[in-house]
file entry.cif (mmCIF, C-alpha atoms)
data_start
#
loop_
_atom_site.label_atom_id
_atom_site.label_comp_id
_atom_site.auth_asym_id
_atom_site.auth_seq_id
_atom_site.Cartn_x
_atom_site.Cartn_y
_atom_site.Cartn_z
CA MET A 1 -43.94 13.16 -25.95
CA LEU A 2 -41.00 14.58 -27.90
CA PHE A 3 -39.08 15.27 -24.67
CA GLN A 4 -39.77 11.73 -23.41
CA SER A 5 -38.63 10.28 -26.74
CA LEU A 6 -35.40 12.26 -26.59
CA GLN A 7 -34.85 11.04 -23.03
CA LEU A 8 -35.28 7.43 -24.15
CA VAL A 9 -32.91 7.90 -27.09
CA PHE A 10 -30.26 9.48 -24.82
CA LEU A 11 -30.67 6.68 -22.27
CA PHE A 12 -30.29 4.04 -25.00
CA VAL A 13 -27.15 5.67 -26.45
CA PHE A 14 -25.60 6.19 -22.99
CA THR A 15 -26.33 2.61 -21.93
CA ALA A 16 -25.07 1.11 -25.19
CA ALA A 17 -21.87 3.16 -25.00
CA ASN A 18 -21.15 1.98 -21.47
CA MET A 19 -22.00 -1.61 -22.29
CA ALA A 20 -19.64 -1.46 -25.26
CA ARG A 21 -16.81 0.14 -23.27
CA THR A 22 -14.07 -2.26 -22.24
CA TYR A 23 -11.00 -1.65 -20.12
CA ALA A 24 -7.71 -2.77 -21.57
CA THR A 25 -5.03 -4.16 -19.32
CA LYS A 26 -1.41 -3.15 -19.08
CA THR A 27 1.48 -5.38 -18.07
CA GLU A 28 4.55 -4.28 -16.14
CA THR A 29 7.63 -6.44 -15.66
CA VAL A 30 10.19 -6.02 -12.90
CA ALA A 31 13.61 -7.15 -14.16
CA PRO A 32 15.19 -10.37 -12.78
CA PHE A 33 16.82 -10.01 -9.37
CA ASN A 34 18.32 -11.85 -6.41
CA LEU A 35 17.06 -11.14 -2.90
CA THR A 36 18.76 -11.92 0.42
CA SER A 37 17.28 -12.24 3.90
CA PRO A 38 19.19 -12.15 7.18
CA ALA A 39 18.28 -14.79 9.75
CA GLY A 40 15.41 -13.83 12.01
CA LYS A 41 13.23 -12.11 9.37
CA ASP A 42 9.64 -13.19 8.76
CA ILE A 43 6.13 -12.36 7.55
CA TRP A 44 3.68 -13.79 10.07
CA ARG A 45 0.78 -12.75 12.32
CA LYS A 46 -0.56 -14.96 15.07
CA PRO A 47 -2.81 -14.15 18.05
CA PRO A 48 -2.68 -12.86 20.64
CA SER A 49 0.11 -10.41 19.82
CA HIS A 50 2.67 -11.68 17.28
CA ASN A 51 2.76 -9.39 14.22
CA VAL A 52 5.93 -9.36 12.09
CA ILE A 53 6.40 -8.21 8.49
CA ASP A 54 10.11 -7.37 8.26
CA ALA A 55 11.33 -9.79 5.57
CA PRO A 56 13.19 -8.21 2.62
CA THR A 57 11.16 -7.49 -0.52
CA TYR A 58 11.95 -6.38 -4.04
CA PRO A 59 11.08 -3.79 -5.09
CA SER A 60 11.44 -2.06 -1.73
CA PRO A 61 9.08 -0.49 -1.04
CA LEU A 62 6.69 -2.71 -2.97
CA LEU A 63 5.12 -1.37 -6.15
CA GLN A 64 1.72 0.11 -5.27
CA TYR A 65 -1.53 -0.06 -7.25
CA ASP A 66 -5.20 0.65 -6.60
CA LEU A 67 -6.70 -2.66 -5.55
CA LYS A 68 -9.58 -2.07 -7.97
CA SER A 69 -7.13 -2.20 -10.88
CA PHE A 70 -5.33 -5.42 -9.86
CA GLN A 71 -5.67 -8.36 -12.27
CA ARG A 72 -2.72 -10.71 -11.66
CA ALA A 73 0.90 -11.06 -10.56
CA ARG A 74 3.36 -13.84 -11.44
CA LEU A 75 6.96 -14.69 -10.60
CA THR A 76 9.45 -17.56 -10.92
CA PHE A 77 12.02 -18.16 -8.20
CA ALA A 78 14.51 -20.68 -6.84
CA LEU A 79 15.83 -21.30 -3.34
CA PRO A 80 19.33 -22.71 -2.65
CA PRO A 81 19.77 -26.53 -2.73
CA GLY A 82 17.78 -28.39 -0.11
CA LYS A 83 20.90 -29.38 1.84
CA GLU A 84 21.51 -25.68 2.57
CA LEU A 85 18.01 -24.89 3.82
CA ARG A 86 16.65 -24.75 7.36
CA GLN A 87 13.17 -24.96 8.89
CA TYR A 88 10.81 -22.25 7.60
CA ASP A 89 13.15 -20.87 4.90
CA GLN A 90 10.85 -19.35 2.28
CA ALA A 91 10.58 -17.25 -0.87
CA GLY A 92 7.86 -16.21 -3.27
CA LEU A 93 5.25 -13.59 -4.11
CA LEU A 94 3.97 -11.04 -1.59
CA LEU A 95 0.77 -9.00 -1.97
CA SER A 96 0.21 -6.46 0.81
CA PHE A 97 -3.11 -4.65 1.22
CA THR A 98 -3.06 -1.24 2.90
CA LYS A 99 -5.00 2.02 3.14
CA ASP A 100 -4.68 5.30 5.00
CA ASP A 101 -6.00 3.92 8.30
CA ALA A 102 -4.38 0.48 7.82
CA PRO A 103 -0.67 1.05 7.01
CA LEU A 104 1.79 -1.79 6.57
CA GLY A 105 2.60 -3.50 9.87
CA SER A 106 -0.22 -1.83 11.78
CA GLY A 107 -2.18 -5.03 12.36
CA LYS A 108 -5.04 -3.57 10.33
CA ASP A 109 -3.23 -4.22 7.06
CA LYS A 110 -3.72 -7.50 5.19
CA TRP A 111 -1.46 -9.64 3.04
CA ILE A 112 -1.01 -12.80 1.02
CA LYS A 113 2.29 -14.62 0.51
CA THR A 114 2.67 -17.65 -1.73
CA GLY A 115 5.76 -19.57 -2.75
CA ILE A 116 7.94 -22.36 -1.35
CA GLU A 117 8.61 -23.00 2.33
CA TRP A 118 11.07 -25.56 3.73
CA TYR A 119 9.23 -27.60 6.37
CA TYR A 120 10.64 -30.62 8.20
CA GLY A 121 13.21 -31.40 5.54
CA LYS A 122 11.01 -30.93 2.47
CA PRO A 123 9.91 -28.05 0.20
CA TYR A 124 6.21 -27.29 0.11
CA LEU A 125 4.16 -24.94 -2.01
CA SER A 126 2.96 -22.62 0.73
CA THR A 127 0.23 -19.99 0.81
CA VAL A 128 -0.50 -17.77 3.81
CA GLY A 129 -3.47 -15.43 3.92
CA CYS A 130 -3.64 -12.75 6.60
CA ASP A 131 -6.86 -10.85 7.25
CA SER A 132 -7.06 -10.29 11.01
CA SER A 133 -4.62 -13.17 11.63
CA ALA A 134 -2.62 -15.44 9.35
CA ASP A 135 -3.55 -18.95 8.27
CA TRP A 136 -1.38 -21.38 6.32
CA SER A 137 -1.83 -24.09 3.71
CA ILE A 138 0.87 -26.28 2.17
CA THR A 139 1.06 -28.88 -0.57
CA PRO A 140 4.04 -31.01 -1.66
CA LEU A 141 6.28 -29.79 -4.48
CA PRO A 142 6.27 -32.86 -6.77
CA GLU A 143 9.02 -31.56 -9.07
CA PHE A 144 11.66 -31.54 -6.31
CA GLN A 145 14.30 -34.20 -7.03
CA GLY A 146 16.31 -34.28 -3.81
CA ASN A 147 18.45 -32.17 -1.51
CA GLU A 148 21.20 -31.62 -4.07
CA ASN A 149 18.71 -29.65 -6.17
CA ARG A 150 17.17 -26.21 -5.84
CA PRO A 151 13.45 -26.01 -5.03
CA THR A 152 11.89 -23.81 -7.70
CA ALA A 153 8.41 -22.81 -8.83
CA THR A 154 6.35 -20.31 -10.79
CA VAL A 155 3.34 -18.95 -8.90
CA GLU A 156 0.55 -16.60 -9.91
CA ALA A 157 -2.16 -14.76 -7.99
CA ARG A 158 -5.05 -13.50 -10.08
CA ARG A 159 -8.47 -11.89 -9.77
CA GLU A 160 -11.28 -14.17 -10.88
CA LYS A 161 -15.07 -14.06 -10.87
CA ASP A 162 -17.74 -16.76 -10.99
CA GLN A 163 -21.49 -16.87 -10.45
CA LEU A 164 -21.01 -16.35 -6.70
CA GLY A 165 -18.71 -13.33 -6.84
CA LYS A 166 -15.07 -12.21 -6.88
CA SER A 167 -12.02 -13.92 -5.37
CA LEU A 168 -8.26 -14.22 -5.64
CA TRP A 169 -6.98 -17.54 -6.96
CA VAL A 170 -3.40 -18.70 -6.36
CA TYR A 171 -1.87 -21.14 -8.87
CA GLN A 172 1.34 -23.01 -9.51
CA ILE A 173 2.15 -22.48 -13.18
CA ILE A 174 3.79 -25.35 -15.08
CA GLU A 175 5.77 -24.31 -18.13
CA ASN A 176 7.45 -26.31 -20.90
CA GLU A 177 11.06 -25.96 -22.05
CA ASN A 178 10.09 -22.93 -24.14
CA GLY A 179 8.60 -21.11 -21.16
CA GLU A 180 5.03 -21.65 -22.37
CA GLU A 181 2.29 -22.36 -19.84
CA VAL A 182 1.05 -25.95 -20.12
CA GLU A 183 -0.74 -26.42 -16.79
CA ARG A 184 -2.30 -24.27 -14.08
CA ARG A 185 -2.49 -26.07 -10.71
CA PRO A 186 -4.92 -24.46 -8.23
CA LEU A 187 -3.43 -23.95 -4.77
CA ARG A 188 -5.93 -21.75 -2.98
CA GLU A 189 -8.96 -19.48 -3.33
CA VAL A 190 -9.05 -16.39 -1.08
CA ASN A 191 -12.43 -14.70 -0.82
CA TRP A 192 -11.96 -11.71 1.51
CA ILE A 193 -9.55 -9.65 -0.60
CA PHE A 194 -12.07 -8.03 -2.95
CA ALA A 195 -14.93 -7.83 -0.44
CA GLU A 196 -13.95 -4.19 0.19
CA GLU A 197 -11.85 -2.41 -2.43
CA ASP A 198 -12.52 1.31 -1.95
CA GLY A 199 -9.45 3.05 -0.58
CA TRP A 200 -7.26 -0.06 -0.55
CA LYS A 201 -3.88 -0.32 -2.25
CA VAL A 202 -2.04 -3.51 -3.17
CA GLY A 203 1.75 -3.70 -2.93
CA ILE A 204 3.37 -6.36 -5.13
CA GLY A 205 6.83 -7.92 -5.24
CA GLY A 206 9.10 -10.79 -4.35
CA ALA A 207 9.93 -11.70 -0.75
CA VAL A 208 12.49 -13.89 1.04
CA ALA A 209 12.48 -14.84 4.73
CA ARG A 210 14.63 -16.90 7.11
CA PRO A 211 12.76 -16.84 10.44
CA ASN A 212 14.94 -19.46 12.13
CA LYS A 213 18.08 -18.15 13.89
CA GLU A 214 18.89 -21.33 15.81
CA LEU A 215 21.49 -22.44 13.24
CA GLY A 216 23.29 -19.10 13.17
CA ASP A 217 23.24 -15.83 11.29
CA GLU A 218 23.91 -17.11 7.75
CA GLU A 219 21.79 -15.32 5.18
CA LEU A 220 19.34 -16.86 2.69
CA THR A 221 19.41 -15.79 -0.97
CA ALA A 222 16.74 -16.62 -3.56
CA GLU A 223 16.92 -16.05 -7.31
CA PHE A 224 13.99 -14.51 -9.18
CA ALA A 225 15.12 -15.36 -12.69
CA LYS A 226 12.16 -13.83 -14.55
CA GLY A 227 11.46 -10.92 -12.27
CA VAL A 228 7.82 -10.09 -11.48
CA THR A 229 5.00 -9.70 -14.00
CA ILE A 230 2.08 -7.50 -12.93
CA GLU A 231 -1.14 -6.92 -14.86
CA THR A 232 -3.56 -4.11 -14.01
CA LEU A 233 -6.50 -2.35 -15.64
CA ASP A 234 -5.60 0.59 -17.87
CA TYR A 235 -8.23 3.17 -16.91
CA ASP A 236 -6.85 5.65 -19.45
CA THR A 237 -8.05 3.50 -22.35
CA LYS A 238 -11.10 4.99 -24.06
#
call {"tool": "encode", "arguments": {"input": "entry.cif", "output": "structure tokens"}}
result
Amino acid sequence: MLFQSLQLVFLFVFTAANMARTYATKTETVAPFNLTSPAGKDIWRKPPSHNVIDAPTYPSPLLQYDLKSFQRARLTFALPPGKELRQYDQAGLLLSFTKDDAPLGSGKDKWIKTGIEWYYGKPYLSTVGCDSSADWSITPLPEFQGNENRPTATVEARREKDQLGKSLWVYQIIENENGEEVERRPLREVNWIFAEEDGWKVGIGGAVARPNKELGDEELTAEFAKGVTIETLDYDTK
């Protein structure tokens, strides 16, 4: 009886300690930067055989984290004025998912890119998710005031959980003049990212691409005025 009682006490203390334990988060900020893409660079995968991920990123290589620790990533960026843009010009946030048997560019890797893409003369908030192949969703950028202006946005990808499970949500973040968040506009929910986390790494950074070479070799430069903010779990916290 005494041994059983001690077992129960130990189990209670162990369970309570683990229930009480919380993991703090840590935030890392990549300093502001500009990023330039030559013409002909892209991030896109389409069956039966097209698989390209050669657009410039910053940092390069991307910062790497255990996928299990990922909480969110946010950046603010601006493209050149609309009158200088061509079909499929794009910039934004890139998350690449790799592991030992699925290196970047292998076709077994996965990725998410979200930002602004120039499409038939207008800027759209664009999100592409690539598991086995890429899909694409776009929504108008209501803040854009005409081709003399620069399309700009703040986007965030973050881990979330509801009663049905885990997912990655992508948002457009609206800020006031003081840089304070005043609105979070949902753009897309991606459900496959956290379905399998063991062994996977996530690479995070800004990306710029100019897939179209038909108008010449002029480069595309985007400005990332606030750098990249990355939040992960701090496993060292006791």
call {"tool": "resolve_selection", "arguments": {"input": "entry.cif", "expression": "the PyMOL selection byres ((chain A and resi 130-144) around 10)", "output": "ChimeraX atom specification"}}
result
/A:43-51,82,96-97,107-117,119,122-129,145-153,172,187-188,192-193
call {"tool": "atom_distance", "arguments": {"input": "entry.cif", "atom1": "CA of Ala73 in chain A", "atom2": "CA of Leu93 in chain A"}}
result
8.2 Å
call {"tool": "atom_distance", "arguments": {"input": "entry.cif", "atom1": "CA of Arg74 in chain A", "atom2": "CA of Glu189 in chain A"}}
result
15.8 Å
call {"tool": "resolve_selection", "arguments": {"input": "entry.cif", "expression": "the PyMOL selection byres ((chain A and resi 26-29) around 7)", "output": "list in words"}}
result
Ala24, Thr25, Val30, Ala31, Gly227, Val228, Thr229, Ile230, Glu231, Thr232, Leu233 and Asp234 of chain A
call {"tool": "residues_around", "arguments": {"input": "entry.cif", "residues": "Asn34 in chain A", "least_positions_apart": "6", "cutoff": "12 Å", "atoms": "only C-alpha atoms", "output": "list in words"}}
result
Pro56, Thr57, Tyr58, Pro59, Thr76, Phe77, Ala78, Leu79, Pro80, Ala91, Gly92, Gly206, Ala207, Val208, Leu220, Thr221, Ala222, Glu223, Phe224, Ala225, Lys226, Gly227 and Val228 of chain A
call {"tool": "atom_distance", "arguments": {"input": "entry.cif", "atom1": "CA of Pro186 in chain A", "atom2": "CA of Trp169 in chain A"}}
result
7.3 Å
call {"tool": "resolve_selection", "arguments": {"input": "entry.cif", "expression": "the PyMOL selection byres ((chain A and resi 190) around 6)", "output": "PyMOL selection string"}}
result
chain A and resi 167-168+189+191
call {"tool": "closest_atom_pairs", "arguments": {"input": "entry.cif", "of": "range 64-161 of chain A", "to": "range 194-200 of chain A", "cutoff": "7 Å", "atoms": "all atoms listed in the file", "output": "tab-separated table"}}
result
residue	atom	partner	partner_atom	distance
A:Asp66	CA	A:Trp200	CA	6.4
A:Leu67	CA	A:Trp200	CA	5.7
A:Lys68	CA	A:Glu197	CA	6.0
A:Phe97	CA	A:Trp200	CA	6.4
A:Thr98	CA	A:Trp200	CA	5.6
A:Lys99	CA	A:Trp200	CA	4.8
call {"tool": "closest_residue", "arguments": {"input": "entry.cif", "among": "A:Pro211, A:Gln87, A:Leu94, A:Gly105", "to": "Val155 in chain A", "atoms": "all atoms listed in the file"}}
result
A:Leu94
call {"tool": "closest_residue", "arguments": {"input": "entry.cif", "among": "A:Glu156, A:Asp89, A:Asp217, A:Asp101", "to": "Leu75 in chain A", "atoms": "all atoms listed in the file"}}
result
A:Glu156
call {"tool": "closest_residue", "arguments": {"input": "entry.cif", "among": "A:Val52, A:Val202, A:Ala157, A:Glu219", "to": "Arg184 in chain A", "atoms": "only C-alpha atoms"}}
result
A:Ala157
